[in-house]
Amino acid sequence: MSNKNTIIRLLGLVILNGLLFLTGCNCSSRDPIVPPVARKIPRADTLFGDIRIDNYSWLRDKTNPEVIDYIKAENDYTEKMMASTRTLQEKLYKEMLGRLKETDTMAFVKIDDYYYYSRTVKGQQYSIHCRKKGSLDAPEQILIDLNTLAQGHEYLDLGADKISPDHRYLAYTIDTSGSEDYSVYVKDLDSDKLLDDRIAHANANVEWANDNQTLYYATLDETMRPYRLYRHLLGSDQRNDTLLYEEKDLAYYLNLSKARNKRHILMNLESNSSNEIWSLEADRADAQFVLLKPRKSQVKYYIDYQDDRFFILTNDGAPNYKILWAFVPFTDTGYWSEFIRERDSCFIEGIYAFRNYLVVTERYLGLLRIRVIGGPAYASQYVILPDPAYHIVPFAGSNYDSSIFRFEYSSPLTPKSVYDYNMEKNTLTLVKQNEVKGFDLKKFQMERFFVKSGDGAMIPITIVYKKAGFHKNGNNPALLEGYGAYGLPTDAEFSTMRLSLLNRGFVYAVPQIRGGNEMGREWYDQGHLLNKKNTFKDFVAVAEYLVNRQYTSRENLIITGASAGGLLMGAVTNMQPDLFKAVVAEVPFVDVLNTMLDPSLPLTVTEYEEWGNPHDSIYYEYIKSYSPYDNVEARAYPNLLITGGLNDPRVGYWEPTKWAAKLRALKTYDNTLLLKINMGEGHFGVSGRYAEMRDMAFEYAFMLDVLKMK
C-alpha cells in the first residue's frame, strides 16, 4: 500500500469515528492503532565524493528526551498491536514453565576437598551458588545468591566467580545494566562478609595469584575495550593498584585466564586476526609477565601447560591450525616442535592439557569432535557421541590431575546434559541431564544434510520436526535461524522453549552458512570482508531449498537471527523480501556503514578485520552495497519484529530504531512492523529465567499471530 493510500485510509477512519461520536456510538475499542513516525532531520555526509543522507541519525542521542519519547512510543505501539495475543503469550509462557524443573541442582564440580554447584528454586529468577566440604552429605554453604544481588535492579549478570586457591575468598563480577561494565567484589567465605575491596569499570573476568591475596583484573576504556591490566592486593584501595600493562592498539582486547595446571596466569592480547600471550608464574605475585611470542599479522596462537612442557595451538602457516609443543620455559620459537600437523579436512578449535592427557576439540564436516591423546606413545582416541548433529561445550575447569574430561552436550532432540569421559578407561558417563517434563524424543525426527549454494558450496543444515502430521506438502510452518560471522560456529542444540513451536507442527532448521568456521578456515574466509555476501546467498539458498522441497512455503516461512545474525536478517530481507512471511531480528547489526565509519564506538576498530575499513573506498562501496539500513527501499517487506537494548554496547539501540523508522517510512505494503527496545538491558536481552521465557513467548506469539495459527 502506498504512503498516499495509507494517509487517505487513515483520514477516512478519522472522519468515520467523528461521525460515530456525533451519533452517540462509543467505538473507542475499535480506534485505529497508529504507529509513531520518527521525524526526519536530514544529515548529509560526503565520503569519496558520495553524498549520503541519513534522516534518522538524531536517534543516536539518548540524552535527548525526544529520542526516549520516540522509543517509548514505539514500545507502546508494539504493546497495543500485540494486545490481542496476550492470552496466547500467557499460554505459551505456561507451556514453557510447565516443562521446566523449577527447583533443581546442577552437576557438582569437585575442587580439592570441596564440592561446588549451583541450584535454582521455584519462583526465583536466578541461580544460587553453593558448596559443601568433604562430602555431598555435608552442610551447604551459600556463596552467592544472585536473587538477593538482583534486588532493586532490572538486570543482573554474573560475569565471573573465582575461588581463591585456598578456598577462603570468592571474587566475582557483576553488571546491573547490560552495558557490560562490571564491578569486582570479594567475599570472605569464612566470615560470610564482603570485604571493603571494590573495583569499578572492569572487564568481566578476574584471576587469583596463588598467594590468595592478589587479584589481577582489566579495566575498560571509553569504547568499553579491556585495555589496562592491574594487580590488586586485598585490603588496598583501587587507586593504589599497580598498572602492569596498557594495550594502546584499539584493535586489541586484553583477556585474562589461568592455565589448567594453576601455575601460570595468562594475558591474551587479541584482535580479530592476531594475538600475543604473556605468562606470569602464579606462585610469584610480584613477578613480571613474560611474552611468549610477539604478535604477527594474521597469526593466532593459544597455549596450555603440562608440568614441564606447554602445547601451542596456532594457525601460523596452518590456516586450519596445528599443535606444537616445547619444554618450559623455552619462549624461543626455534625450540617449538610439531605435535599434530594441520589437515585440510579438519579445523582444530581448542586444546585442554591434563597431567597425563591432552584433549583436542576439532571440527570435521561441521561437527565438533573430542579427541583424547595420552597414555603409551600418546595414543589417540575419539569420544563416540550419540546424535547426527549436536552442540558441545568443554568444561575448562575439569581437574588438571584427573583422568576425567567433562563436557556439556545437547542436540535438537537431547536436553542439556553433562558427561564425564574417563580418558583412561575410554568410557562415557552421563552425570546429569536436564529434566524436560512431557518431552518424548521418539515423537520427533532430526535430519542433517547438505544444500548447494549458488556457487556450488555445500551448506550443512540440521532440521527437526514432529513426526505426527508432517508431510512435505508446503503447509508446514517453519523457523529458519542463521548467524554466519566472526568464524563462530552455529551448532544445533536443544531448547525447551522451542518445543512450543515444534509441538504446533513447526519445522526448525539451522544451517552452517559461510562466515562461521564449521568447515574450516576457508569457510570463514569465504564469508567475511569482500566475500560477505556469500553468507546471505547461502542463507537464501537454504530457504529456497526448504520451499522447493516443500518442507514449508513462502507463506509459512519465518526467519530469525541475532546481532550479526540480525545483519543477516536485514540483508536477506532486502534481497528477497517475498521469500519470507516474517522476520524476527534481535539486536540486529543493521547500520553497518555508519557504525564502521565511527571509530569511537565499541568494537568498530577491531572489527575492521571482519567487515573491512570503510575509510578505504573499496570496503566503503562493498559495505554500502549490503548494509541493511542503507538499502531499504520503497517496496513490500515481510512482517517484522525488531528488538534492541537501550544499554547495548555491542549493537547500539539506535541501529534497530533507525532501521525500523526507515522501514516504516518506505514500506509499501501494510504488513506488521514492530519495534521493541528493552529499556534496562543490553545486548543479551533480559536476565532471569522467567523473564527470558516471557520474552520468548512474546516472539512466538508474534510468529503464530502472523501465520494466523491458534
# chains A, B, ... in the order shown; residues from 1 in each chain; ligands from 1

$ select_by_dssp --residues "range 142-223 of chain A" --states "alpha helix (DSSP H)" --output "JSON, numbers by chain"
{"A": [146, 147, 148, 149]}

$ closest_atom_pairs --of "range 575-612 of chain A" --to "range 464-481 of chain A" --cutoff "10 Å" --atoms "only C-alpha atoms" --output "Markdown table"
| residue | atom | partner | partner_atom | distance |
| --- | --- | --- | --- | --- |
| A:Phe580 | CA | A:Leu480 | CA | 10.0 |
| A:Lys581 | CA | A:Pro477 | CA | 9.9 |
| A:Ala582 | CA | A:Leu479 | CA | 9.6 |
| A:Val583 | CA | A:Leu479 | CA | 9.6 |
| A:Val584 | CA | A:Glu481 | CA | 9.5 |

$ select_by_dssp --residues "range 350-395 of chain A" --states "strand (DSSP E or B)" --output "VMD selection string"
chain A and resid 350 to 353 357 to 364 367 to 374 379 to 382 391 to 394

$ closest_atom_pairs --of "range 527-645 of chain A" --to "range 42-47 of chain A" --cutoff "12 Å" --atoms "only C-alpha atoms" --output "tab-separated table"
residue	atom	partner	partner_atom	distance
A:Leu593	CA	A:Leu47	CA	11.6
A:Asn594	CA	A:Asp45	CA	10.1
A:Leu597	CA	A:Leu47	CA	10.1
A:Pro614	CA	A:Leu47	CA	9.6
A:His615	CA	A:Leu47	CA	8.2
A:Asp616	CA	A:Leu47	CA	10.0
A:Ser617	CA	A:Leu47	CA	8.6
A:Tyr620	CA	A:Leu47	CA	8.9
A:Glu621	CA	A:Leu47	CA	10.4
A:Lys624	CA	A:Leu47	CA	11.7

$ write_last_selection --atoms "N, CA and C atoms" --output "JSON list (two decimals), in the first residue's frame"
[["chain", "number", "residue", "atom", "x", "y", "z"],
["A", 593, "LEU", "N", 27.37, 0.51, 7.79],
["A", 593, "LEU", "CA", 28.27, 1.51, 7.23],
["A", 593, "LEU", "C", 28.53, 2.65, 8.22],
["A", 594, "ASN", "N", 27.46, 3.19, 8.81],
["A", 594, "ASN", "CA", 27.64, 4.29, 9.76],
["A", 594, "ASN", "C", 28.45, 3.86, 10.97],
["A", 597, "LEU", "N", 32.11, 3.47, 10.19],
["A", 597, "LEU", "CA", 32.76, 4.76, 9.92],
["A", 597, "LEU", "C", 33.09, 5.52, 11.19],
["A", 614, "PRO", "N", 35.75, 1.05, 6.13],
["A", 614, "PRO", "CA", 35.09, 1.81, 5.07],
["A", 614, "PRO", "C", 35.77, 3.13, 4.74],
["A", 615, "HIS", "N", 36.82, 3.50, 5.47],
["A", 615, "HIS", "CA", 37.60, 4.67, 5.07],
["A", 615, "HIS", "C", 38.47, 4.34, 3.86],
["A", 616, "ASP", "N", 38.51, 3.08, 3.49],
["A", 616, "ASP", "CA", 39.08, 2.62, 2.23],
["A", 616, "ASP", "C", 37.91, 2.49, 1.25],
["A", 617, "SER", "N", 38.00, 3.14, 0.11],
["A", 617, "SER", "CA", 36.86, 3.22, -0.81],
["A", 617, "SER", "C", 36.36, 1.85, -1.26],
["A", 620, "TYR", "N", 34.27, 0.65, 1.56],
["A", 620, "TYR", "CA", 33.12, 1.55, 1.69],
["A", 620, "TYR", "C", 32.03, 1.15, 0.71],
["A", 621, "GLU", "N", 32.39, 0.99, -0.54],
["A", 621, "GLU", "CA", 31.39, 0.66, -1.56],
["A", 621, "GLU", "C", 30.80, -0.72, -1.32],
["A", 624, "LYS", "N", 28.50, -0.61, 1.77],
["A", 624, "LYS", "CA", 27.32, 0.17, 1.39],
["A", 624, "LYS", "C", 26.35, -0.66, 0.55]]

$ closest_residue --among "A:Thr606, A:Leu59, A:Arg99, A:Pro588" --to "Glu270 in chain A" --atoms "only C-alpha atoms"
A:Thr606

$ residues_around --residues "Thr333 in chain A" --least-positions-apart "3" --cutoff "10 Å" --atoms "only C-alpha atoms" --output "list in words"
Leu292, Lys293, Leu324, Trp325, Ala326, Phe330, Trp336 and Ser337 of chain A

$ residues_around --residues "Tyr653 in chain A" --least-positions-apart "3" --cutoff "6 Å" --atoms "only C-alpha atoms" --output "PyMOL selection string"
chain A and resi 644-646

$ write_last_selection --atoms "C-alpha atoms" --output "CSV table (one decimal), in the first residue's frame"
chain,number,residue,atom,x,y,z
A,644,GLY,CA,17.1,-3.9,20.8
A,645,GLY,CA,18.5,-2.9,24.2
A,646,LEU,CA,18.9,0.7,25.3

$ atom_distance --atom1 "CA of Leu156 in chain A" --atom2 "CA of Asn678 in chain A"
13.9 Å

$ closest_residue --among "A:Glu555, A:Glu424, A:Glu207, A:Asp221" --to "Val706 in chain A" --atoms "only C-alpha atoms"
A:Glu555

$ atom_distance --atom1 "CA of Asp190 in chain A" --atom2 "CA of Lys258 in chain A"
24.3 Å

$ closest_residue --among "A:Leu229, A:Glu95, A:Arg341, A:Arg309" --to "Lys322 in chain A" --atoms "only C-alpha atoms"
A:Arg341

$ residues_around --residues "Met106 in chain A" --least-positions-apart "3" --cutoff "9 Å" --atoms "only C-alpha atoms" --output "ChimeraX atom specification"
/A:117-120,432,434

$ residues_around --residues "range 399-408 of chain A" --least-positions-apart "2" --cutoff "7 Å" --atoms "only C-alpha atoms" --output "PyMOL selection string"
chain A and resi 260-261+354-355+392-395+397+416-424

$ write_last_selection --atoms "C-alpha atoms" --output "mmCIF file, in the first residue's frame"
data_model
loop_
_atom_site.group_PDB
_atom_site.id
_atom_site.type_symbol
_atom_site.label_atom_id
_atom_site.label_comp_id
_atom_site.auth_asym_id
_atom_site.auth_seq_id
_atom_site.Cartn_x
_atom_site.Cartn_y
_atom_site.Cartn_z
ATOM 1 C CA ARG A 260 44.816 -25.549 33.841
ATOM 2 C CA ASN A 261 47.805 -26.577 35.959
ATOM 3 C CA PHE A 354 45.771 -32.620 31.785
ATOM 4 C CA ARG A 355 48.717 -34.055 33.685
ATOM 5 C CA ILE A 392 29.309 -29.355 22.826
ATOM 6 C CA VAL A 393 30.785 -27.030 25.449
ATOM 7 C CA PRO A 394 34.004 -28.396 27.005
ATOM 8 C CA PHE A 395 34.265 -27.722 30.732
ATOM 9 C CA GLY A 397 37.532 -26.267 34.851
ATOM 10 C CA LYS A 416 21.242 -30.277 28.012
ATOM 11 C CA SER A 417 23.417 -32.988 29.549
ATOM 12 C CA VAL A 418 26.685 -33.175 31.474
ATOM 13 C CA TYR A 419 29.022 -36.038 30.563
ATOM 14 C CA ASP A 420 32.231 -37.297 32.133
ATOM 15 C CA TYR A 421 34.602 -39.050 29.779
ATOM 16 C CA ASN A 422 37.109 -41.364 31.505
ATOM 17 C CA MET A 423 40.242 -40.945 29.395
ATOM 18 C CA GLU A 424 41.962 -43.926 30.994
#

$ decode --residues "range 515-555 of chain A" --atoms "N, CA and C atoms" --output "mmCIF file, in the first residue's frame"
data_model
loop_
_atom_site.group_PDB
_atom_site.id
_atom_site.type_symbol
_atom_site.label_atom_id
_atom_site.label_comp_id
_atom_site.auth_asym_id
_atom_site.auth_seq_id
_atom_site.Cartn_x
_atom_site.Cartn_y
_atom_site.Cartn_z
ATOM 1 N N GLY A 515 31.028 -17.825 6.791
ATOM 2 C CA GLY A 515 31.232 -16.764 7.769
ATOM 3 C C GLY A 515 31.528 -17.354 9.130
ATOM 4 N N GLY A 516 31.062 -18.603 9.358
ATOM 5 C CA GLY A 516 31.477 -19.389 10.518
ATOM 6 C C GLY A 516 32.722 -20.191 10.151
ATOM 7 N N ASN A 517 33.178 -21.031 11.076
ATOM 8 C CA ASN A 517 34.376 -21.844 10.816
ATOM 9 C C ASN A 517 34.049 -23.328 10.728
ATOM 10 N N GLU A 518 32.758 -23.674 10.576
ATOM 11 C CA GLU A 518 32.345 -25.066 10.723
ATOM 12 C C GLU A 518 33.046 -26.008 9.750
ATOM 13 N N MET A 519 33.378 -25.505 8.577
ATOM 14 C CA MET A 519 34.019 -26.338 7.563
ATOM 15 C C MET A 519 35.478 -25.935 7.349
ATOM 16 N N GLY A 520 36.064 -25.256 8.317
ATOM 17 C CA GLY A 520 37.467 -24.868 8.232
ATOM 18 C C GLY A 520 37.657 -23.388 7.962
ATOM 19 N N ARG A 521 38.917 -22.968 7.973
ATOM 20 C CA ARG A 521 39.256 -21.554 7.801
ATOM 21 C C ARG A 521 38.725 -20.995 6.478
ATOM 22 N N GLU A 522 38.773 -21.777 5.422
ATOM 23 C CA GLU A 522 38.302 -21.296 4.129
ATOM 24 C C GLU A 522 36.814 -20.953 4.185
ATOM 25 N N TRP A 523 36.067 -21.692 4.995
ATOM 26 C CA TRP A 523 34.636 -21.435 5.167
ATOM 27 C C TRP A 523 34.417 -20.029 5.729
ATOM 28 N N TYR A 524 35.280 -19.629 6.639
ATOM 29 C CA TYR A 524 35.218 -18.284 7.207
ATOM 30 C C TYR A 524 35.677 -17.249 6.186
ATOM 31 N N ASP A 525 36.797 -17.512 5.533
ATOM 32 C CA ASP A 525 37.320 -16.553 4.560
ATOM 33 C C ASP A 525 36.328 -16.266 3.447
ATOM 34 N N GLN A 526 35.531 -17.252 3.073
ATOM 35 C CA GLN A 526 34.566 -17.066 2.002
ATOM 36 C C GLN A 526 33.305 -16.341 2.466
ATOM 37 N N GLY A 527 33.256 -15.965 3.761
ATOM 38 C CA GLY A 527 32.064 -15.314 4.289
ATOM 39 C C GLY A 527 32.338 -14.050 5.076
ATOM 40 N N HIS A 528 33.497 -13.405 4.857
ATOM 41 C CA HIS A 528 33.707 -12.114 5.510
ATOM 42 C C HIS A 528 34.499 -11.186 4.581
ATOM 43 N N LEU A 529 34.698 -9.952 5.037
ATOM 44 C CA LEU A 529 35.337 -8.905 4.243
ATOM 45 C C LEU A 529 34.643 -8.786 2.880
ATOM 46 N N LEU A 530 35.397 -8.893 1.789
ATOM 47 C CA LEU A 530 34.822 -8.698 0.457
ATOM 48 C C LEU A 530 34.079 -9.915 -0.062
ATOM 49 N N ASN A 531 33.943 -10.933 0.781
ATOM 50 C CA ASN A 531 33.146 -12.121 0.440
ATOM 51 C C ASN A 531 31.881 -12.219 1.289
ATOM 52 N N LYS A 532 31.542 -11.165 2.018
ATOM 53 C CA LYS A 532 30.460 -11.251 2.994
ATOM 54 C C LYS A 532 29.130 -11.648 2.361
ATOM 55 N N LYS A 533 28.884 -11.263 1.137
ATOM 56 C CA LYS A 533 27.589 -11.555 0.523
ATOM 57 C C LYS A 533 27.348 -13.046 0.356
ATOM 58 N N ASN A 534 28.414 -13.863 0.394
ATOM 59 C CA ASN A 534 28.223 -15.317 0.335
ATOM 60 C C ASN A 534 27.379 -15.807 1.505
ATOM 61 N N THR A 535 27.542 -15.162 2.674
ATOM 62 C CA THR A 535 26.752 -15.535 3.843
ATOM 63 C C THR A 535 25.265 -15.393 3.542
ATOM 64 N N PHE A 536 24.906 -14.278 2.934
ATOM 65 C CA PHE A 536 23.497 -14.010 2.636
ATOM 66 C C PHE A 536 22.979 -14.954 1.547
ATOM 67 N N LYS A 537 23.809 -15.180 0.534
ATOM 68 C CA LYS A 537 23.404 -16.063 -0.561
ATOM 69 C C LYS A 537 23.211 -17.498 -0.072
ATOM 70 N N ASP A 538 24.076 -17.933 0.855
ATOM 71 C CA ASP A 538 23.925 -19.285 1.415
ATOM 72 C C ASP A 538 22.592 -19.426 2.132
ATOM 73 N N PHE A 539 22.254 -18.411 2.921
ATOM 74 C CA PHE A 539 21.011 -18.461 3.693
ATOM 75 C C PHE A 539 19.803 -18.486 2.766
ATOM 76 N N VAL A 540 19.835 -17.655 1.726
ATOM 77 C CA VAL A 540 18.734 -17.635 0.760
ATOM 78 C C VAL A 540 18.630 -18.988 0.062
ATOM 79 N N ALA A 541 19.784 -19.599 -0.281
ATOM 80 C CA ALA A 541 19.770 -20.912 -0.944
ATOM 81 C C ALA A 541 19.114 -21.961 -0.059
ATOM 82 N N VAL A 542 19.396 -21.920 1.249
ATOM 83 C CA VAL A 542 18.787 -22.868 2.178
ATOM 84 C C VAL A 542 17.284 -22.626 2.269
ATOM 85 N N ALA A 543 16.885 -21.352 2.358
ATOM 86 C CA ALA A 543 15.457 -21.028 2.435
ATOM 87 C C ALA A 543 14.727 -21.516 1.184
ATOM 88 N N GLU A 544 15.320 -21.291 0.034
ATOM 89 C CA GLU A 544 14.692 -21.731 -1.217
ATOM 90 C C GLU A 544 14.615 -23.253 -1.289
ATOM 91 N N TYR A 545 15.627 -23.921 -0.767
ATOM 92 C CA TYR A 545 15.609 -25.385 -0.742
ATOM 93 C C TYR A 545 14.433 -25.889 0.096
ATOM 94 N N LEU A 546 14.235 -25.303 1.270
ATOM 95 C CA LEU A 546 13.137 -25.728 2.135
ATOM 96 C C LEU A 546 11.791 -25.512 1.461
ATOM 97 N N VAL A 547 11.686 -24.420 0.695
ATOM 98 C CA VAL A 547 10.437 -24.141 -0.011
ATOM 99 C C VAL A 547 10.270 -25.088 -1.200
ATOM 100 N N ASN A 548 11.343 -25.239 -1.980
ATOM 101 C CA ASN A 548 11.255 -26.075 -3.190
ATOM 102 C C ASN A 548 11.018 -27.545 -2.862
ATOM 103 N N ARG A 549 11.586 -28.015 -1.740
ATOM 104 C CA ARG A 549 11.371 -29.406 -1.330
ATOM 105 C C ARG A 549 10.126 -29.562 -0.473
ATOM 106 N N GLN A 550 9.388 -28.483 -0.331
ATOM 107 C CA GLN A 550 8.078 -28.457 0.329
ATOM 108 C C GLN A 550 8.115 -28.848 1.811
ATOM 109 N N TYR A 551 9.268 -28.570 2.445
ATOM 110 C CA TYR A 551 9.266 -28.621 3.909
ATOM 111 C C TYR A 551 8.346 -27.521 4.431
ATOM 112 N N THR A 552 8.263 -26.421 3.647
ATOM 113 C CA THR A 552 7.421 -25.287 4.009
ATOM 114 C C THR A 552 7.103 -24.527 2.733
ATOM 115 N N SER A 553 6.614 -23.306 2.874
ATOM 116 C CA SER A 553 6.323 -22.452 1.724
ATOM 117 C C SER A 553 6.667 -21.013 2.094
ATOM 118 N N ARG A 554 6.661 -20.138 1.111
ATOM 119 C CA ARG A 554 6.940 -18.728 1.371
ATOM 120 C C ARG A 554 5.940 -18.130 2.360
ATOM 121 N N GLU A 555 4.710 -18.593 2.309
ATOM 122 C CA GLU A 555 3.678 -18.075 3.199
ATOM 123 C C GLU A 555 3.761 -18.647 4.604
#
